[in-house]
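Data file: data28.cif. Format and content: mmCIF, C-alpha atoms; chains and numbers go by the auth columns.
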data_start
#
loop_
_atom_site.group_PDB
_atom_site.id
_atom_site.type_symbol
_atom_site.label_atom_id
_atom_site.label_comp_id
_atom_site.label_asym_id
_atom_site.label_seq_id
_atom_site.Cartn_x
_atom_site.Cartn_y
_atom_site.Cartn_z
_atom_site.B_iso_or_equiv
_atom_site.auth_seq_id
_atom_site.auth_asym_id
ATOM 1 C CA MET A 1 114.613 115.449 72.371 0.00 14 A
ATOM 2 C CA VAL A 2 112.824 113.560 69.571 0.00 15 A
ATOM 3 C CA ARG A 3 110.264 116.346 69.197 0.00 16 A
ATOM 4 C CA LEU A 4 113.011 118.971 68.993 0.00 17 A
ATOM 5 C CA ILE A 5 114.874 116.972 66.331 0.00 18 A
ATOM 6 C CA CYS A 6 111.651 116.534 64.358 0.00 19 A
ATOM 7 C CA ASP A 7 110.919 120.266 64.581 0.00 20 A
ATOM 8 C CA TYR A 8 114.446 121.336 63.655 0.00 21 A
ATOM 9 C CA TYR A 9 114.855 118.970 60.690 0.00 22 A
ATOM 10 C CA GLN A 10 111.152 119.104 59.746 0.00 23 A
ATOM 11 C CA VAL A 11 110.676 115.357 60.105 0.00 24 A
ATOM 12 C CA HIS A 12 106.978 114.542 59.637 0.00 25 A
ATOM 13 C CA ASN A 13 106.987 110.760 59.521 0.00 26 A
ATOM 14 C CA GLY A 14 109.053 107.895 60.832 0.00 27 A
ATOM 15 C CA ASN A 15 109.184 105.568 63.809 0.00 28 A
ATOM 16 C CA VAL A 16 110.559 105.754 67.335 0.00 29 A
ATOM 17 C CA GLU A 17 110.762 102.709 69.594 0.00 30 A
ATOM 18 C CA VAL A 18 111.151 103.380 73.303 0.00 31 A
ATOM 19 C CA GLY A 19 112.754 100.717 75.483 0.00 32 A
ATOM 20 C CA CYS A 20 112.124 100.632 79.221 0.00 33 A
ATOM 21 C CA ASN A 21 112.424 98.077 82.016 0.00 34 A
ATOM 22 C CA GLY A 22 109.259 99.399 83.684 0.00 35 A
ATOM 23 C CA LYS A 23 106.207 97.559 82.349 0.00 36 A
ATOM 24 C CA GLU A 24 103.846 99.812 84.287 0.00 37 A
ATOM 25 C CA ALA A 25 105.505 102.983 82.969 0.00 38 A
ATOM 26 C CA LEU A 26 105.195 101.728 79.392 0.00 39 A
ATOM 27 C CA TYR A 27 101.548 100.837 79.974 0.00 40 A
ATOM 28 C CA ARG A 28 100.731 104.253 81.455 0.00 41 A
ATOM 29 C CA ILE A 29 102.454 106.124 78.632 0.00 42 A
ATOM 30 C CA PHE A 30 101.517 104.085 75.560 0.00 43 A
ATOM 31 C CA THR A 31 98.008 102.805 76.374 0.00 44 A
ATOM 32 C CA PRO A 32 95.532 105.307 74.917 0.00 45 A
ATOM 33 C CA THR A 33 92.690 104.112 77.156 0.00 46 A
ATOM 34 C CA PHE A 34 94.707 104.633 80.355 0.00 47 A
ATOM 35 C CA ALA A 35 93.496 107.802 82.090 0.00 48 A
ATOM 36 C CA PRO A 36 96.275 109.383 84.209 0.00 49 A
ATOM 37 C CA SER A 37 95.268 110.669 87.613 0.00 50 A
ATOM 38 C CA PRO A 38 96.977 113.336 89.728 0.00 51 A
ATOM 39 C CA ARG A 39 97.252 110.585 92.359 0.00 52 A
ATOM 40 C CA ASP A 40 99.629 108.594 90.130 0.00 53 A
ATOM 41 C CA ALA A 41 103.300 108.463 91.034 0.00 54 A
ATOM 42 C CA HIS A 42 105.358 110.653 88.689 0.00 55 A
ATOM 43 C CA PHE A 43 102.185 112.263 87.365 0.00 56 A
ATOM 44 C CA ASP A 44 104.195 115.192 85.961 0.00 57 A
ATOM 45 C CA LEU A 45 106.489 112.955 83.911 0.00 58 A
ATOM 46 C CA LEU A 46 103.598 110.791 82.740 0.00 59 A
ATOM 47 C CA ILE A 47 101.568 113.760 81.475 0.00 60 A
ATOM 48 C CA ALA A 48 104.625 115.440 79.932 0.00 61 A
ATOM 49 C CA THR A 49 105.699 112.296 78.066 0.00 62 A
ATOM 50 C CA ARG A 50 102.224 111.706 76.703 0.00 63 A
ATOM 51 C CA ALA A 51 101.992 115.359 75.608 0.00 64 A
ATOM 52 C CA VAL A 52 105.327 115.215 73.772 0.00 65 A
ATOM 53 C CA ILE A 53 104.335 111.999 71.995 0.00 66 A
ATOM 54 C CA ALA A 54 100.991 113.520 70.989 0.00 67 A
ATOM 55 C CA SER A 55 102.727 116.648 69.645 0.00 68 A
ATOM 56 C CA THR A 56 104.632 114.703 66.967 0.00 69 A
ATOM 57 C CA THR A 57 103.408 113.196 63.711 0.00 70 A
ATOM 58 C CA ILE A 58 105.741 110.207 63.890 0.00 71 A
ATOM 59 C CA HIS A 59 104.754 106.717 65.044 0.00 72 A
ATOM 60 C CA TRP A 60 105.792 105.718 68.563 0.00 73 A
ATOM 61 C CA SER A 61 106.062 102.174 69.896 0.00 74 A
ATOM 62 C CA SER A 62 107.404 100.622 73.062 0.00 75 A
ATOM 63 C CA ARG A 63 109.513 97.637 74.050 0.00 76 A
ATOM 64 C CA TRP A 64 109.867 96.135 77.498 0.00 77 A
ATOM 65 C CA VAL A 65 113.492 95.372 78.355 0.00 78 A
ATOM 66 C CA LYS A 66 114.214 93.024 81.239 0.00 79 A
ATOM 67 C CA GLY A 67 116.083 94.964 83.915 0.00 80 A
ATOM 68 C CA HIS A 68 119.306 94.022 85.705 0.00 81 A
ATOM 69 C CA GLN A 69 120.376 91.462 83.103 0.00 82 A
ATOM 70 C CA ASP A 70 123.965 92.323 83.972 0.00 83 A
ATOM 71 C CA ASP A 71 123.477 90.674 87.391 0.00 84 A
ATOM 72 C CA ASP A 72 123.867 87.326 85.609 0.00 85 A
ATOM 73 C CA PRO A 73 127.399 87.071 84.148 0.00 86 A
ATOM 74 C CA THR A 74 126.334 84.207 81.853 0.00 87 A
ATOM 75 C CA CYS A 75 123.514 86.210 80.247 0.00 88 A
ATOM 76 C CA LYS A 76 123.944 87.178 76.593 0.00 89 A
ATOM 77 C CA LEU A 77 123.152 90.896 76.410 0.00 90 A
ATOM 78 C CA ASP A 78 121.512 92.279 73.295 0.00 91 A
ATOM 79 C CA ALA A 79 121.706 95.952 72.267 0.00 92 A
ATOM 80 C CA TRP A 80 118.547 96.828 74.221 0.00 93 A
ATOM 81 C CA ALA A 81 119.914 95.237 77.402 0.00 94 A
ATOM 82 C CA ARG A 82 123.233 97.114 77.037 0.00 95 A
ATOM 83 C CA LEU A 83 121.391 100.422 76.507 0.00 96 A
ATOM 84 C CA ASN A 84 119.221 99.728 79.551 0.00 97 A
ATOM 85 C CA ILE A 85 122.297 99.031 81.677 0.00 98 A
ATOM 86 C CA ALA A 86 123.933 102.240 80.433 0.00 99 A
ATOM 87 C CA MET A 87 120.796 104.238 81.333 0.00 100 A
ATOM 88 C CA ASP A 88 120.688 102.634 84.783 0.00 101 A
ATOM 89 C CA MET A 89 124.275 103.774 85.335 0.00 102 A
ATOM 90 C CA LYS A 90 123.414 107.328 84.197 0.00 103 A
ATOM 91 C CA ALA A 91 120.396 107.354 86.516 0.00 104 A
ATOM 92 C CA LYS A 92 122.543 106.264 89.474 0.00 105 A
ATOM 93 C CA GLU A 93 125.111 108.967 88.669 0.00 106 A
ATOM 94 C CA HIS A 94 122.347 111.565 88.508 0.00 107 A
ATOM 95 C CA TRP A 95 120.855 110.344 91.783 0.00 108 A
ATOM 96 C CA GLU A 96 124.197 110.478 93.578 0.00 109 A
ATOM 97 C CA HIS A 97 124.990 113.925 92.213 0.00 110 A
ATOM 98 C CA HIS A 98 121.634 115.623 92.839 0.00 111 A
ATOM 99 C CA HIS A 99 119.762 113.673 95.475 0.00 112 A
ATOM 100 C CA MET A 100 122.401 112.333 97.820 0.00 113 A
ATOM 101 C CA GLY A 101 124.013 115.755 98.173 0.00 114 A
ATOM 102 C CA ALA A 102 122.629 118.820 99.919 0.00 115 A
ATOM 103 C CA ARG A 103 120.837 120.141 96.817 0.00 116 A
ATOM 104 C CA HIS A 104 117.583 118.581 95.766 0.00 117 A
ATOM 105 C CA LEU A 105 116.648 119.810 92.290 0.00 118 A
ATOM 106 C CA GLN A 106 113.155 119.885 90.919 0.00 119 A
ATOM 107 C CA HIS A 107 112.438 121.141 87.446 0.00 120 A
ATOM 108 C CA ARG A 108 109.577 122.048 85.226 0.00 121 A
ATOM 109 C CA VAL A 109 109.295 119.295 82.626 0.00 122 A
ATOM 110 C CA GLN A 110 108.678 120.213 78.986 0.00 123 A
ATOM 111 C CA GLY A 111 105.219 119.083 77.983 0.00 124 A
ATOM 112 C CA GLU A 112 103.588 119.141 81.402 0.00 125 A
ATOM 113 C CA PRO A 113 100.495 121.358 81.264 0.00 126 A
ATOM 114 C CA TRP A 114 100.866 122.944 84.713 0.00 127 A
ATOM 115 C CA THR A 115 102.948 122.708 87.837 0.00 128 A
ATOM 116 C CA LEU A 116 102.058 122.992 91.484 0.00 129 A
ATOM 117 C CA TRP A 117 104.653 124.052 94.027 0.00 130 A
ATOM 118 C CA ILE A 118 104.402 124.309 97.800 0.00 131 A
ATOM 119 C CA GLY A 119 107.298 126.518 98.757 0.00 132 A
ATOM 120 C CA HIS A 120 110.278 125.156 96.858 0.00 133 A
ATOM 121 C CA THR A 121 108.827 121.651 96.523 0.00 134 A
ATOM 122 C CA LYS A 122 107.181 120.542 93.287 0.00 135 A
ATOM 123 C CA ILE A 123 104.106 118.387 93.840 0.00 136 A
ATOM 124 C CA CYS A 124 104.427 115.453 91.425 0.00 137 A
ATOM 125 C CA ARG A 125 101.898 112.939 92.751 0.00 138 A
ATOM 126 C CA ASP A 126 98.750 112.643 94.801 0.00 139 A
ATOM 127 C CA VAL A 127 98.058 116.361 94.418 0.00 140 A
ATOM 128 C CA ARG A 128 94.921 116.449 96.576 0.00 141 A
ATOM 129 C CA ALA A 129 96.547 114.643 99.517 0.00 142 A
ATOM 130 C CA GLN A 130 99.654 116.846 99.308 0.00 143 A
ATOM 131 C CA ILE A 131 97.573 120.050 99.388 0.00 144 A
ATOM 132 C CA LEU A 132 95.399 118.830 102.252 0.00 145 A
ATOM 133 C CA ASP A 133 98.469 117.776 104.219 0.00 146 A
ATOM 134 C CA HIS A 134 99.987 121.205 103.680 0.00 147 A
ATOM 135 C CA VAL A 135 96.815 122.981 104.795 0.00 148 A
ATOM 136 C CA ARG A 136 95.859 120.800 107.750 0.00 149 A
ATOM 137 C CA GLY A 137 98.963 118.692 108.255 0.00 150 A
ATOM 138 C CA THR A 138 101.422 118.516 111.124 0.00 151 A
ATOM 139 C CA GLU A 139 103.095 121.876 110.475 0.00 152 A
ATOM 140 C CA ALA A 140 99.748 123.687 110.224 0.00 153 A
ATOM 141 C CA GLN A 141 98.537 122.038 113.424 0.00 154 A
ATOM 142 C CA LYS A 142 101.706 123.081 115.268 0.00 155 A
ATOM 143 C CA TRP A 143 101.186 126.680 114.106 0.00 156 A
ATOM 144 C CA TRP A 144 97.540 126.748 115.278 0.00 157 A
ATOM 145 C CA LEU A 145 98.462 125.207 118.643 0.00 158 A
ATOM 146 C CA THR A 146 101.301 127.712 119.127 0.00 159 A
ATOM 147 C CA HIS A 147 98.951 130.606 118.395 0.00 160 A
ATOM 148 C CA LYS A 148 96.371 129.228 120.864 0.00 161 A
ATOM 149 C CA GLN A 149 93.695 128.843 118.236 0.00 162 A
ATOM 150 C CA PHE A 150 93.007 125.234 119.277 0.00 163 A
ATOM 151 C CA SER A 151 93.507 123.336 122.474 0.00 164 A
ATOM 152 C CA GLU A 152 95.815 120.340 122.426 0.00 165 A
ATOM 153 C CA ARG A 153 92.736 118.153 122.860 0.00 166 A
ATOM 154 C CA MET A 154 91.282 119.398 119.589 0.00 167 A
ATOM 155 C CA GLU A 155 93.566 118.896 116.648 0.00 168 A
ATOM 156 C CA ALA A 156 93.543 121.644 114.006 0.00 169 A
ATOM 157 C CA GLY A 157 92.917 119.092 111.265 0.00 170 A
ATOM 158 C CA THR A 158 89.830 117.807 113.084 0.00 171 A
ATOM 159 C CA ALA A 159 88.561 121.364 113.492 0.00 172 A
ATOM 160 C CA LEU A 160 89.057 122.063 109.801 0.00 173 A
ATOM 161 C CA LYS A 161 87.095 118.930 108.909 0.00 174 A
ATOM 162 C CA CYS A 162 84.196 120.252 111.026 0.00 175 A
ATOM 163 C CA LEU A 163 83.959 123.461 108.993 0.00 176 A
ATOM 164 C CA LYS A 164 81.439 123.764 106.187 0.00 177 A
ATOM 165 C CA ARG A 165 82.801 122.896 102.728 0.00 178 A
ATOM 166 C CA SER A 166 82.773 126.596 101.704 0.00 179 A
ATOM 167 C CA CYS A 167 84.854 127.513 104.776 0.00 180 A
ATOM 168 C CA GLN A 168 87.296 124.685 104.035 0.00 181 A
ATOM 169 C CA HIS A 169 87.749 126.115 100.520 0.00 182 A
ATOM 170 C CA TRP A 170 88.387 129.566 101.992 0.00 183 A
ATOM 171 C CA VAL A 171 91.041 128.167 104.358 0.00 184 A
ATOM 172 C CA VAL A 172 92.773 126.399 101.443 0.00 185 A
ATOM 173 C CA LYS A 173 92.640 129.555 99.275 0.00 186 A
ATOM 174 C CA HIS A 174 93.872 131.746 102.134 0.00 187 A
ATOM 175 C CA THR A 175 96.704 129.340 102.981 0.00 188 A
ATOM 176 C CA SER A 176 97.837 129.220 99.347 0.00 189 A
ATOM 177 C CA GLY A 177 97.707 133.012 98.968 0.00 190 A
ATOM 178 C CA SER A 178 94.934 132.775 96.344 0.00 191 A
ATOM 179 C CA CYS A 179 92.276 134.672 98.254 0.00 192 A
ATOM 180 C CA GLY A 180 90.800 137.357 95.989 0.00 193 A
ATOM 181 C CA LEU A 181 90.014 140.706 97.544 0.00 194 A
ATOM 182 C CA GLY A 182 87.862 143.601 96.313 0.00 195 A
#
Step by step, read the file and then write its structure as structure tokens.
Amino acid sequence: MVRLICDYYQVHNGNVEVGCNGKEALYRIFTPTFAPSPRDAHFDLLIATRAVIASTTIHWSSRWVKGHQDDDPTCKLDAWARLNIAMDMKAKEHWEHHHMGARHLQHRVQGEPWTLWIGHTKICRDVRAQILDHVRGTEAQKWWLTHKQFSERMEAGTALKCLKRSCQHWVVKHTSGSCGLG
């Protein structure tokens, strides 16, 4: 939203302070020496946020806000605490509306460089493990056993591990529909 406002009103300098009750999230977003990995939780959001920040000419800073301050009725809440509580409430509403119901929404996030989907599921973390599980995981093993390609004594995943690296790559490409022909 900040980038869009800056673009629309042609804002080229200024300051934005981001408050968050997640110390680790702030570290991963605002520490220039931190190198995100596809194994990181919420890798898509991490990369997208860093890309949006890098695409602006304004100065960004962060502030850690202690979470759940409203659990203590005697606690004096400052503006940051009240905003954090309001965002927690919005997050809970969103969760109940989209995740507790039958529909599970996944979106492309502005600023993320690429997305990886397996079927209708967006892969947001531990990309390598997710792909390998899809290729040689439980569902794949059931399919191979049903089609009598492997005996029950020999798991499909074990058989795939025994293949040469080049054959493993072919199986992954074939499974994903990325096998070039002619």
* Counting only C-alpha atoms, the residue of A:Trp73, A:Trp108, A:Trp156, A:Trp127 that sits nearest A:Gly27 ->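 The shortest atom-to-atom distance to A:Gly27 comes from A:Trp73.
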* To do: Run the PyMOL selection byres ((chain A and resi 97) around 9) mentally over the shown coordinates, then write out the matched residues as a list in words, using the chain letters and numbers from the document.
  =>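 Residues picked by the PyMOL selection byres ((chain A and resi 97) around 9): Gly32, Cys33, Asn34, Val78, Lys79, Gly80, His81, Ala92, Trp93, Ala94, Arg95, Leu96, Ile98, Ala99, Met100, Asp101 and Met102 of chain A.
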* **Close residues, stretch 55-70 of chain A itself excluded, 6 Å, only C-alpha atoms, min 3 positions apart in chain, as number ranges by chain** => A: 25, 42, 51, 124-125, 137-138
Go ahead and write the selection's residues with C-alpha atoms as an mmCIF file, keeping the file's coordinate frame.
data_model
loop_
_atom_site.group_PDB
_atom_site.id
_atom_site.type_symbol
_atom_site.label_atom_id
_atom_site.label_comp_id
_atom_site.auth_asym_id
_atom_site.auth_seq_id
_atom_site.Cartn_x
_atom_site.Cartn_y
_atom_site.Cartn_z
ATOM 1 C CA HIS A 25 106.978 114.542 59.637
ATOM 2 C CA ILE A 42 102.454 106.124 78.632
ATOM 3 C CA PRO A 51 96.977 113.336 89.728
ATOM 4 C CA GLY A 124 105.219 119.083 77.983
ATOM 5 C CA GLU A 125 103.588 119.141 81.402
ATOM 6 C CA CYS A 137 104.427 115.453 91.425
ATOM 7 C CA ARG A 138 101.898 112.939 92.751
#
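Interatomic distance, atom CA of A:Asn28 to atom CA of A:His72: 4.7 Å.
One distance worth recording is that between atom CA of A:Val140 and atom CA of A:Tyr40, which is 21.5 Å.
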* Structure fact -> atom CA of A:Trp130 sits from atom CA of A:Gly35 at a separation of 27.1 Å
As AutoDock Vina command-line options: centre and edge lengths in Å, one decimal, of the axis-aligned box holding stretch 138-154 of chain A with 3 Å per side:
--center_x 99.0 --center_y 118.2 --center_z 103.1 --size_x 14.2 --size_y 17.0 --size_z 26.7
* **Nearest candidate to A:Ile131 (options A:Gln143, A:Ser75, A:Thr159, A:Ser50; using all atoms listed in the file)** =>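 Smallest distance to A:Ile131 is found for A:Gln143.
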